[in-house]
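Asks: The file below is query10.cif, mmCIF, C-alpha atoms:
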```cif
data_target
loop_
_atom_site.group_PDB
_atom_site.id
_atom_site.type_symbol
_atom_site.label_atom_id
_atom_site.label_comp_id
_atom_site.auth_asym_id
_atom_site.auth_seq_id
_atom_site.Cartn_x
_atom_site.Cartn_y
_atom_site.Cartn_z
ATOM 1 C CA MET U 1 -18.905 -5.298 -13.648
ATOM 2 C CA HIS U 2 -15.747 -3.245 -14.150
ATOM 3 C CA ILE U 3 -16.039 -0.169 -11.931
ATOM 4 C CA PRO U 4 -14.599 2.885 -13.731
ATOM 5 C CA ASP U 5 -12.673 5.759 -12.168
ATOM 6 C CA GLY U 6 -14.841 8.270 -10.346
ATOM 7 C CA PHE U 7 -17.337 5.798 -8.874
ATOM 8 C CA LEU U 8 -15.521 5.189 -5.568
ATOM 9 C CA ASP U 9 -14.286 7.636 -2.960
ATOM 10 C CA ILE U 10 -10.753 7.530 -1.571
ATOM 11 C CA THR U 11 -11.701 5.505 1.531
ATOM 12 C CA THR U 12 -13.504 2.764 -0.386
ATOM 13 C CA ALA U 13 -10.810 2.647 -3.063
ATOM 14 C CA SER U 14 -8.057 2.418 -0.403
ATOM 15 C CA VAL U 15 -9.756 -0.317 1.622
ATOM 16 C CA THR U 16 -10.380 -2.447 -1.473
ATOM 17 C CA TYR U 17 -6.762 -1.916 -2.623
ATOM 18 C CA ILE U 18 -5.487 -3.076 0.772
ATOM 19 C CA ILE U 19 -7.645 -6.230 0.649
ATOM 20 C CA PHE U 20 -6.462 -6.882 -2.922
ATOM 21 C CA ILE U 21 -2.768 -6.472 -2.037
ATOM 22 C CA VAL U 22 -2.950 -8.569 1.150
ATOM 23 C CA PHE U 23 -4.912 -11.339 -0.574
ATOM 24 C CA GLY U 24 -2.559 -11.166 -3.574
ATOM 25 C CA TYR U 25 0.521 -11.512 -1.363
ATOM 26 C CA TYR U 26 -1.029 -14.492 0.409
ATOM 27 C CA ALA U 27 -2.154 -16.063 -2.899
ATOM 28 C CA LEU U 28 1.360 -15.747 -4.345
ATOM 29 C CA ARG U 29 2.840 -17.424 -1.255
ATOM 30 C CA LYS U 30 0.260 -20.225 -1.273
ATOM 31 C CA SER U 31 0.580 -20.912 -4.998
ATOM 32 C CA ARG U 32 4.372 -20.761 -5.233
ATOM 33 C CA ARG U 33 4.789 -24.507 -4.690
ATOM 34 C CA MET U 34 2.149 -25.240 -7.349
ATOM 35 C CA MET U 35 3.886 -23.086 -9.957
ATOM 36 C CA GLU U 36 5.501 -25.760 -12.043
ATOM 37 C CA SER U 37 6.062 -25.290 -15.755
ATOM 38 C CA ASP U 38 2.872 -27.031 -16.935
ATOM 39 C CA MET U 39 0.772 -25.244 -14.340
ATOM 40 C CA ILE U 40 2.066 -21.821 -15.429
ATOM 41 C CA SER U 41 1.148 -22.716 -19.015
ATOM 42 C CA PHE U 42 -2.354 -23.777 -17.960
ATOM 43 C CA VAL U 43 -2.909 -20.634 -15.876
ATOM 44 C CA SER U 44 -1.803 -18.332 -18.712
ATOM 45 C CA ILE U 45 -3.846 -20.190 -21.355
ATOM 46 C CA LEU U 46 -6.944 -20.118 -19.127
ATOM 47 C CA ALA U 47 -6.385 -16.404 -18.462
ATOM 48 C CA ALA U 48 -6.001 -15.707 -22.207
ATOM 49 C CA GLY U 49 -9.174 -17.726 -22.877
ATOM 50 C CA ILE U 50 -11.138 -15.792 -20.251
ATOM 51 C CA PHE U 51 -9.809 -12.491 -21.619
ATOM 52 C CA ALA U 52 -10.953 -13.494 -25.132
ATOM 53 C CA ALA U 53 -14.332 -14.719 -23.834
ATOM 54 C CA GLN U 54 -14.879 -11.415 -22.023
ATOM 55 C CA MET U 55 -14.544 -9.621 -25.361
ATOM 56 C CA LEU U 56 -17.642 -11.458 -26.583
ATOM 57 C CA ASN U 57 -20.002 -8.848 -25.205
ATOM 58 C CA TRP U 58 -23.544 -9.985 -25.949
ATOM 59 C CA PRO U 59 -25.698 -6.868 -26.117
ATOM 60 C CA LEU U 60 -29.294 -7.390 -25.019
ATOM 61 C CA PRO U 61 -32.298 -5.463 -26.298
ATOM 62 C CA GLY U 62 -33.145 -2.997 -23.572
ATOM 63 C CA GLY U 63 -29.667 -1.622 -23.383
ATOM 64 C CA THR U 64 -27.496 -3.867 -21.289
ATOM 65 C CA SER U 65 -25.039 -6.593 -22.191
ATOM 66 C CA LEU U 66 -23.574 -9.734 -20.801
ATOM 67 C CA HIS U 67 -20.226 -11.344 -21.059
ATOM 68 C CA PHE U 68 -18.578 -14.284 -19.414
ATOM 69 C CA VAL U 69 -16.562 -13.299 -16.307
ATOM 70 C CA GLY U 70 -14.903 -16.665 -15.647
ATOM 71 C CA GLY U 71 -14.282 -16.342 -11.897
ATOM 72 C CA ALA U 72 -16.200 -19.506 -11.029
ATOM 73 C CA LEU U 73 -14.566 -21.490 -13.840
ATOM 74 C CA ALA U 74 -11.085 -20.444 -12.693
ATOM 75 C CA GLY U 75 -11.982 -21.201 -9.059
ATOM 76 C CA ILE U 76 -13.330 -24.678 -9.878
ATOM 77 C CA LEU U 77 -10.386 -25.602 -12.117
ATOM 78 C CA LEU U 78 -7.536 -24.056 -10.152
ATOM 79 C CA GLY U 79 -8.737 -23.362 -6.624
ATOM 80 C CA PRO U 80 -8.853 -19.976 -4.904
ATOM 81 C CA TRP U 81 -5.152 -19.044 -5.085
ATOM 82 C CA LEU U 82 -4.288 -19.868 -8.692
ATOM 83 C CA GLY U 83 -7.829 -18.898 -9.684
ATOM 84 C CA PHE U 84 -7.181 -15.469 -8.181
ATOM 85 C CA LEU U 85 -3.918 -15.094 -10.120
ATOM 86 C CA THR U 86 -5.684 -16.118 -13.347
ATOM 87 C CA ILE U 87 -8.531 -13.590 -13.110
ATOM 88 C CA CYS U 88 -6.234 -10.968 -11.590
ATOM 89 C CA SER U 89 -3.957 -11.078 -14.647
ATOM 90 C CA VAL U 90 -7.005 -10.510 -16.883
ATOM 91 C CA VAL U 91 -8.302 -7.595 -14.785
ATOM 92 C CA ILE U 92 -4.858 -5.938 -14.642
ATOM 93 C CA VAL U 93 -4.309 -6.168 -18.425
ATOM 94 C CA GLN U 94 -7.833 -4.824 -19.040
ATOM 95 C CA ALA U 95 -7.263 -1.875 -16.699
ATOM 96 C CA LEU U 96 -3.671 -0.938 -17.573
ATOM 97 C CA ILE U 97 -3.680 -1.537 -21.325
ATOM 98 C CA PHE U 98 -7.297 -0.841 -22.298
ATOM 99 C CA HIS U 99 -8.614 1.260 -19.392
ATOM 100 C CA ASP U 100 -11.505 -1.186 -18.995
ATOM 101 C CA GLY U 101 -12.056 -0.570 -15.287
ATOM 102 C CA GLY U 102 -10.345 2.299 -13.503
ATOM 103 C CA ILE U 103 -6.900 2.538 -11.941
ATOM 104 C CA THR U 104 -8.333 3.964 -8.690
ATOM 105 C CA THR U 105 -10.883 1.130 -8.711
ATOM 106 C CA LEU U 106 -8.481 -1.665 -9.668
ATOM 107 C CA GLY U 107 -8.504 -2.931 -6.075
ATOM 108 C CA ALA U 108 -12.309 -3.076 -6.045
ATOM 109 C CA ASN U 109 -12.498 -4.769 -9.455
ATOM 110 C CA ALA U 110 -9.901 -7.343 -8.442
ATOM 111 C CA LEU U 111 -11.723 -7.883 -5.134
ATOM 112 C CA ASN U 112 -15.056 -8.476 -6.887
ATOM 113 C CA MET U 113 -13.963 -10.568 -9.864
ATOM 114 C CA ALA U 114 -10.684 -12.211 -8.806
ATOM 115 C CA ILE U 115 -11.361 -12.787 -5.109
ATOM 116 C CA ILE U 116 -15.116 -12.895 -4.430
ATOM 117 C CA ALA U 117 -16.242 -14.515 -7.704
ATOM 118 C CA VAL U 118 -13.432 -17.085 -7.554
ATOM 119 C CA LEU U 119 -13.994 -17.938 -3.860
ATOM 120 C CA ILE U 120 -17.782 -18.194 -4.248
ATOM 121 C CA GLY U 121 -17.437 -20.297 -7.398
ATOM 122 C CA HIS U 122 -14.862 -22.614 -5.857
ATOM 123 C CA SER U 123 -16.598 -23.093 -2.502
ATOM 124 C CA SER U 124 -20.147 -23.559 -3.829
ATOM 125 C CA TYR U 125 -19.007 -26.153 -6.392
ATOM 126 C CA GLU U 126 -16.906 -27.941 -3.768
ATOM 127 C CA PHE U 127 -19.840 -27.955 -1.321
ATOM 128 C CA LEU U 128 -22.151 -29.674 -3.807
ATOM 129 C CA ILE U 129 -19.571 -32.212 -5.012
ATOM 130 C CA ARG U 130 -18.562 -33.153 -1.444
ATOM 131 C CA ASN U 131 -22.155 -33.508 -0.234
ATOM 132 C CA PHE U 132 -23.973 -34.948 -3.237
ATOM 133 C CA GLY U 133 -21.314 -36.939 -5.081
ATOM 134 C CA ASN U 134 -19.076 -36.497 -8.075
ATOM 135 C CA ARG U 135 -21.500 -37.356 -10.891
ATOM 136 C CA ASP U 136 -22.073 -35.562 -14.192
ATOM 137 C CA SER U 137 -25.474 -34.258 -13.094
ATOM 138 C CA ILE U 138 -24.050 -32.879 -9.848
ATOM 139 C CA ARG U 139 -21.024 -31.442 -11.648
ATOM 140 C CA PHE U 140 -23.348 -29.671 -14.091
ATOM 141 C CA LEU U 141 -25.640 -28.357 -11.354
ATOM 142 C CA GLY U 142 -22.684 -27.410 -9.144
ATOM 143 C CA ALA U 143 -20.899 -25.531 -11.916
ATOM 144 C CA PHE U 144 -24.119 -23.767 -12.945
ATOM 145 C CA LEU U 145 -24.824 -22.622 -9.379
ATOM 146 C CA ALA U 146 -21.168 -21.677 -8.899
ATOM 147 C CA GLY U 147 -21.243 -19.455 -12.000
ATOM 148 C CA TRP U 148 -24.629 -17.930 -11.158
ATOM 149 C CA LEU U 149 -23.860 -17.231 -7.492
ATOM 150 C CA SER U 150 -20.393 -15.888 -8.264
ATOM 151 C CA ILE U 151 -21.885 -13.210 -10.536
ATOM 152 C CA ILE U 152 -24.701 -12.251 -8.147
ATOM 153 C CA ILE U 153 -22.431 -11.931 -5.118
ATOM 154 C CA ALA U 154 -19.663 -10.145 -7.018
ATOM 155 C CA GLY U 155 -22.317 -7.758 -8.387
ATOM 156 C CA ALA U 156 -23.675 -7.241 -4.867
ATOM 157 C CA ALA U 157 -20.148 -6.495 -3.627
ATOM 158 C CA ALA U 158 -19.735 -3.854 -6.363
ATOM 159 C CA ALA U 159 -23.111 -2.393 -5.343
ATOM 160 C CA ILE U 160 -22.049 -2.224 -1.689
ATOM 161 C CA GLN U 161 -18.754 -0.515 -2.597
ATOM 162 C CA ILE U 162 -20.508 2.083 -4.749
ATOM 163 C CA GLY U 163 -23.322 2.517 -2.228
ATOM 164 C CA TYR U 164 -20.870 2.991 0.645
ATOM 165 C CA SER U 165 -18.752 5.440 -1.319
ATOM 166 C CA GLN U 166 -19.216 9.116 -0.471
ATOM 167 C CA SER U 167 -19.156 9.816 -4.234
ATOM 168 C CA PHE U 168 -22.667 8.418 -4.283
ATOM 169 C CA PRO U 169 -25.360 10.378 -2.433
ATOM 170 C CA TYR U 170 -28.193 7.821 -2.344
ATOM 171 C CA GLY U 171 -26.680 4.707 -0.732
ATOM 172 C CA PHE U 172 -27.474 1.040 -1.010
ATOM 173 C CA ALA U 173 -31.197 1.464 -1.678
ATOM 174 C CA ILE U 174 -30.519 2.088 -5.361
ATOM 175 C CA THR U 175 -27.215 0.322 -6.034
ATOM 176 C CA ILE U 176 -28.041 -3.093 -4.566
ATOM 177 C CA PRO U 177 -31.416 -3.690 -6.296
ATOM 178 C CA VAL U 178 -30.072 -2.501 -9.658
ATOM 179 C CA MET U 179 -26.836 -4.475 -9.532
ATOM 180 C CA VAL U 180 -28.187 -7.652 -7.928
ATOM 181 C CA GLY U 181 -31.297 -7.668 -10.109
ATOM 182 C CA TRP U 182 -29.375 -7.376 -13.363
ATOM 183 C CA HIS U 183 -26.649 -9.783 -12.329
ATOM 184 C CA ALA U 184 -29.181 -12.411 -11.193
ATOM 185 C CA VAL U 185 -30.354 -12.490 -14.807
ATOM 186 C CA LEU U 186 -26.935 -12.209 -16.437
ATOM 187 C CA GLY U 187 -25.564 -14.819 -14.036
ATOM 188 C CA ILE U 188 -27.750 -17.483 -15.635
ATOM 189 C CA ILE U 189 -25.622 -17.274 -18.782
ATOM 190 C CA GLU U 190 -22.436 -17.352 -16.675
ATOM 191 C CA GLY U 191 -23.783 -20.477 -14.971
ATOM 192 C CA ILE U 192 -24.644 -22.194 -18.262
ATOM 193 C CA ILE U 193 -21.217 -21.472 -19.820
ATOM 194 C CA THR U 194 -19.429 -22.576 -16.640
ATOM 195 C CA ALA U 195 -21.491 -25.782 -16.459
ATOM 196 C CA PHE U 196 -20.903 -26.782 -20.083
ATOM 197 C CA SER U 197 -17.191 -25.933 -19.787
ATOM 198 C CA ILE U 198 -16.829 -28.153 -16.710
ATOM 199 C CA ILE U 199 -18.757 -31.045 -18.281
ATOM 200 C CA TYR U 200 -16.709 -30.743 -21.481
ATOM 201 C CA LEU U 201 -13.414 -30.678 -19.572
ATOM 202 C CA SER U 202 -14.448 -33.523 -17.268
ATOM 203 C CA ARG U 203 -14.927 -35.739 -20.355
ATOM 204 C CA ARG U 204 -12.112 -34.529 -22.606
ATOM 205 C CA ALA U 205 -9.438 -33.575 -20.069
ATOM 206 C CA PRO U 206 -10.434 -34.859 -16.619
ATOM 207 C CA GLN U 207 -6.915 -34.255 -15.305
ATOM 208 C CA LEU U 208 -7.657 -30.516 -15.472
ATOM 209 C CA LEU U 209 -10.344 -30.934 -12.824
ATOM 210 C CA SER U 210 -7.999 -32.623 -10.428
ATOM 211 C CA VAL U 211 -5.146 -30.166 -10.301
ATOM 212 C CA GLU U 212 -3.927 -29.174 -6.894
ATOM 213 C CA GLY U 213 -6.204 -26.560 -5.432
ATOM 214 C CA GLY U 214 -9.013 -27.382 -7.833
ATOM 215 C CA VAL U 215 -12.040 -29.561 -7.159
ATOM 216 C CA LYS U 216 -12.438 -33.011 -8.677
ATOM 217 C CA MET F 217 -1.946 -24.878 -31.297
ATOM 218 C CA LYS F 218 -5.647 -25.846 -31.256
ATOM 219 C CA THR F 219 -6.165 -23.605 -28.244
ATOM 220 C CA LEU F 220 -4.413 -20.722 -29.974
ATOM 221 C CA ILE F 221 -6.582 -21.121 -33.093
ATOM 222 C CA PHE F 222 -9.680 -21.200 -30.856
ATOM 223 C CA LEU F 223 -8.601 -18.003 -29.060
ATOM 224 C CA VAL F 224 -7.830 -16.176 -32.318
ATOM 225 C CA THR F 225 -11.210 -17.261 -33.736
ATOM 226 C CA ILE F 226 -13.005 -15.819 -30.697
ATOM 227 C CA ILE F 227 -11.111 -12.555 -31.122
ATOM 228 C CA LEU F 228 -11.879 -12.393 -34.847
ATOM 229 C CA VAL F 229 -15.651 -12.710 -34.275
ATOM 230 C CA SER F 230 -15.685 -10.546 -31.135
ATOM 231 C CA PRO F 231 -16.383 -7.214 -32.950
ATOM 232 C CA ILE F 232 -19.738 -8.625 -34.104
ATOM 233 C CA PHE F 233 -20.805 -8.652 -30.456
ATOM 234 C CA GLY F 234 -18.574 -6.052 -28.826
ATOM 235 C CA VAL F 235 -18.897 -3.336 -31.508
ATOM 236 C CA ILE F 236 -21.574 -3.914 -34.171
ATOM 237 C CA LEU F 237 -24.449 -5.363 -32.092
ATOM 238 C CA ALA F 238 -23.470 -3.143 -29.162
ATOM 239 C CA ASP F 239 -23.998 -0.077 -31.364
ATOM 240 C CA ILE F 240 -27.332 -1.391 -32.615
ATOM 241 C CA VAL F 241 -28.855 -1.941 -29.164
ATOM 242 C CA GLY F 242 -26.960 0.894 -27.447
ATOM 243 C CA PHE F 243 -25.503 -1.286 -24.749
ATOM 244 C CA HIS F 244 -24.748 -0.299 -21.164
ATOM 245 C CA GLU F 245 -23.344 -2.555 -18.480
ATOM 246 C CA PRO F 246 -25.626 -2.903 -15.424
ATOM 247 C CA LEU F 247 -23.111 -0.781 -13.546
ATOM 248 C CA ASN F 248 -23.558 2.063 -16.037
ATOM 249 C CA ILE F 249 -27.324 1.808 -15.641
ATOM 250 C CA ALA F 250 -26.953 2.181 -11.874
ATOM 251 C CA ALA F 251 -24.529 5.058 -12.387
ATOM 252 C CA GLU F 252 -26.977 6.912 -14.642
ATOM 253 C CA LYS F 253 -29.721 6.596 -12.021
ATOM 254 C CA ILE F 254 -27.487 8.086 -9.377
ATOM 255 C CA GLU F 255 -25.806 10.645 -11.633
ATOM 256 C CA LEU F 256 -22.266 9.386 -11.056
ATOM 257 C CA HIS F 257 -19.614 10.841 -13.337
ATOM 258 C CA ASP F 258 -17.301 8.405 -15.103
ATOM 259 C CA LEU F 259 -13.816 9.977 -15.019
ATOM 260 C CA SER F 260 -12.238 7.404 -17.345
ATOM 261 C CA LYS F 261 -11.891 9.726 -20.334
ATOM 262 C CA ASP F 262 -10.746 12.649 -18.158
ATOM 263 C CA MET F 263 -7.846 10.657 -16.690
ATOM 264 C CA ASN F 264 -6.965 8.331 -19.534
ATOM 265 C CA TRP F 265 -3.379 7.039 -19.889
ATOM 266 C CA THR F 266 -3.638 4.601 -22.780
ATOM 267 C CA PRO F 267 -4.076 5.137 -26.528
ATOM 268 C CA LEU F 268 -5.950 1.823 -26.591
ATOM 269 C CA PHE F 269 -8.869 3.153 -24.534
ATOM 270 C CA ASP F 270 -11.806 0.735 -24.436
ATOM 271 C CA TYR F 271 -10.239 -1.614 -27.013
ATOM 272 C CA THR F 272 -9.876 1.021 -29.738
ATOM 273 C CA ILE F 273 -6.788 1.980 -31.728
ATOM 274 C CA PRO F 274 -6.414 5.553 -32.996
ATOM 275 C CA GLY F 275 -6.745 5.744 -36.756
ATOM 276 C CA LEU F 276 -8.354 2.349 -37.177
ATOM 277 C CA SER F 277 -12.019 1.444 -37.453
ATOM 278 C CA PRO F 278 -13.620 0.265 -34.183
ATOM 279 C CA GLU F 279 -13.955 -3.292 -35.532
ATOM 280 C CA ILE F 280 -10.287 -3.621 -36.558
ATOM 281 C CA GLY F 281 -9.177 -1.864 -33.369
ATOM 282 C CA TYR F 282 -11.218 -4.319 -31.297
ATOM 283 C CA ILE F 283 -9.619 -7.309 -33.058
ATOM 284 C CA ILE F 284 -6.066 -5.971 -32.704
ATOM 285 C CA SER F 285 -6.709 -5.060 -29.067
ATOM 286 C CA GLY F 286 -7.946 -8.599 -28.414
ATOM 287 C CA LEU F 287 -4.913 -10.133 -30.085
ATOM 288 C CA LEU F 288 -2.642 -7.786 -28.125
ATOM 289 C CA GLY F 289 -4.363 -8.720 -24.855
ATOM 290 C CA ILE F 290 -3.971 -12.469 -25.279
ATOM 291 C CA THR F 291 -0.377 -11.980 -26.515
ATOM 292 C CA ILE F 292 0.510 -10.018 -23.367
ATOM 293 C CA ILE F 293 -1.103 -12.598 -21.060
ATOM 294 C CA LEU F 294 0.537 -15.552 -22.833
ATOM 295 C CA GLY F 295 3.838 -13.627 -22.977
ATOM 296 C CA VAL F 296 3.817 -13.039 -19.216
ATOM 297 C CA GLY F 297 3.053 -16.749 -18.767
ATOM 298 C CA LEU F 298 5.999 -17.708 -20.996
ATOM 299 C CA PHE F 299 8.276 -15.313 -19.070
ATOM 300 C CA PHE F 300 7.398 -16.907 -15.722
ATOM 301 C CA LYS F 301 7.610 -20.385 -17.242
ATOM 302 C CA GLY F 302 11.155 -19.577 -18.411
ATOM 303 C CA ARG F 303 12.094 -18.210 -14.989
ATOM 304 C CA GLY F 304 10.645 -21.307 -13.342
ATOM 305 C CA LYS F 305 12.832 -23.550 -15.489
ATOM 306 C CA GLN F 306 15.954 -21.511 -14.625
ATOM 307 C CA ASN F 307 15.207 -21.896 -10.922
#
```
Represent the supplied structure as structure tokens.

Replies:
Amino acid sequence: MHIPDGFLDITTASVTYIIFIVFGYYALRKSRRMMESDMISFVSILAAGIFAAQMLNWPLPGGTSLHFVGGALAGILLGPWLGFLTICSVVIVQALIFHDGGITTLGANALNMAIIAVLIGHSSYEFLIRNFGNRDSIRFLGAFLAGWLSIIIAGAAAAIQIGYSQSFPYGFAITIPVMVGWHAVLGIIEGIITAFSIIYLSRRAPQLLSVEGGVK
Amino acid sequence: MKTLIFLVTIILVSPIFGVILADIVGFHEPLNIAAEKIELHDLSKDMNWTPLFDYTIPGLSPEIGYIISGLLGITIILGVGLFFKGRGKQN
């Protein structure tokens, strides 16, 4: 899902950077009062865990691969603001230190993985828990759907950015089916990992699911 | 400490998936598949700024480079967390 340099034109790259910076400024303001010592530790450990999990690239016969993105998990555990900061720190380290994702496309990558995936994951899980109850079965289903949807919609957002970009001559007709189709399949694994992580944490460390900004 | 051991274990096994199996099946991310269809040119190597490009380290095998890159990545993230934790305590 990391968009490399050269895939976006200057307009698309600029617009996504502006959204990233504005959202980031707002997220920092909103999360400042939550940034106590223990919370900073939890955010950095979760970010390190997601970074490590993203290195487990599972290649699939046929020539693609999947890896855990973690946006939904961060959104469910920490809420949209701290969840953004968690995934954002991963995306920035990947881009600046390892050039995994471009520098001109950092805004787009942060928008897709740290904003859209986190918001979709957080809000879809919260919707199910609020409307159908806080039971293990609903938590599992909610976390699965949160992980799956977060990947599909973040993939669709990447497809729209590439399709809109003037660097790409063919438009959405190719980018959206390819990206959404693949990510609908890969998202199943994201959903399963997110669901088992949430169930595990709800039994072993339930306090982690009730942090401020997160969803019980 | 348990978490740290878990993270290091993930990093130690990561080359099996990220390097060895990836070479065997010739992996591409879905985005690269879309890019090939539309003939987009990836400029990453033309405008590279880091010696650790794509989790490799010059002079080391891809597997060892991948492990060291992973360890470096989690060290940086945890280090930034410790820095802000220290600043939070001072304030």

Asks: Residues of chain U within 9 Å of chain F, counting all atoms listed in the file, what are they? List them as a PyMOL selection string.

Replies: chain U and resi 1-7+35-45+47-49+51-53+55-66+89-90+93-94+96-102+155+158-159+167-170+174-175+178-179+182-183

Asks: With a distance cut-off of 8 Å and only C-alpha atoms, select the neighbouring residues of range 68-78 of chain U, excluding the residue or stretch itself and same-chain residues fewer than 4 positions from it, and output the selection as a PyMOL selection string.

Replies: chain U and resi 46+50+53-54+56+82-84+86-87+113-114+117-122+125-126+143+146-147+150-151+189-190+193-194+197-198+208-215

Asks: If the PyMOL selection byres ((chain U and resi 129) around 10) were run on this exact file, what residues would it hold? Put them as a ChimeraX atom specification.

Replies: /U:123-128,130-135,138-139,141-143,215-216

Asks: Quick check, in Å to one decimal: how far apart do CA of Arg33 in chain U and CA of Ile19 in chain U lie?

Replies: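 According to the coordinates, CA of Arg33 in chain U and CA of Ile19 in chain U are separated by 22.7 Å.
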
Asks: List as a JSON list (two decimals) with C-alpha atoms, in the coordinates of the input the protein and nucleic acid residues near Ser14 in chain U, meaning an atom at most 10 Å away when all atoms listed in the file are counted, but skip any in the same chain fewer than 4 places from it.

Replies:
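So the final result, stored in result.json, reads:
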```
[["chain", "number", "residue", "atom", "x", "y", "z"],
["U", 8, "LEU", "CA", -15.52, 5.19, -5.57],
["U", 9, "ASP", "CA", -14.29, 7.64, -2.96],
["U", 10, "ILE", "CA", -10.75, 7.53, -1.57],
["U", 18, "ILE", "CA", -5.49, -3.08, 0.77],
["U", 19, "ILE", "CA", -7.64, -6.23, 0.65],
["U", 20, "PHE", "CA", -6.46, -6.88, -2.92],
["U", 104, "THR", "CA", -8.33, 3.96, -8.69],
["U", 105, "THR", "CA", -10.88, 1.13, -8.71],
["U", 107, "GLY", "CA", -8.50, -2.93, -6.08],
["U", 108, "ALA", "CA", -12.31, -3.08, -6.04]]
```

Asks: Please return the centre and edge lengths, in Å to one decimal, of a box with edges along x, y and z that contains all listed atoms of range 260-269 of chain F, widened by 4 Å on every side, as AutoDock Vina command-line options.

Replies:
```
--center_x -7.8 --center_y 7.2 --center_z -21.6 --size_x 16.9 --size_y 18.8 --size_z 17.9
```

Asks: What's the separation between CA of Phe140 in chain U and CA of Gly187 in chain U, in Å to one decimal place?

Replies: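 CA of Gly187 in chain U lies 15.0 Å from CA of Phe140 in chain U.
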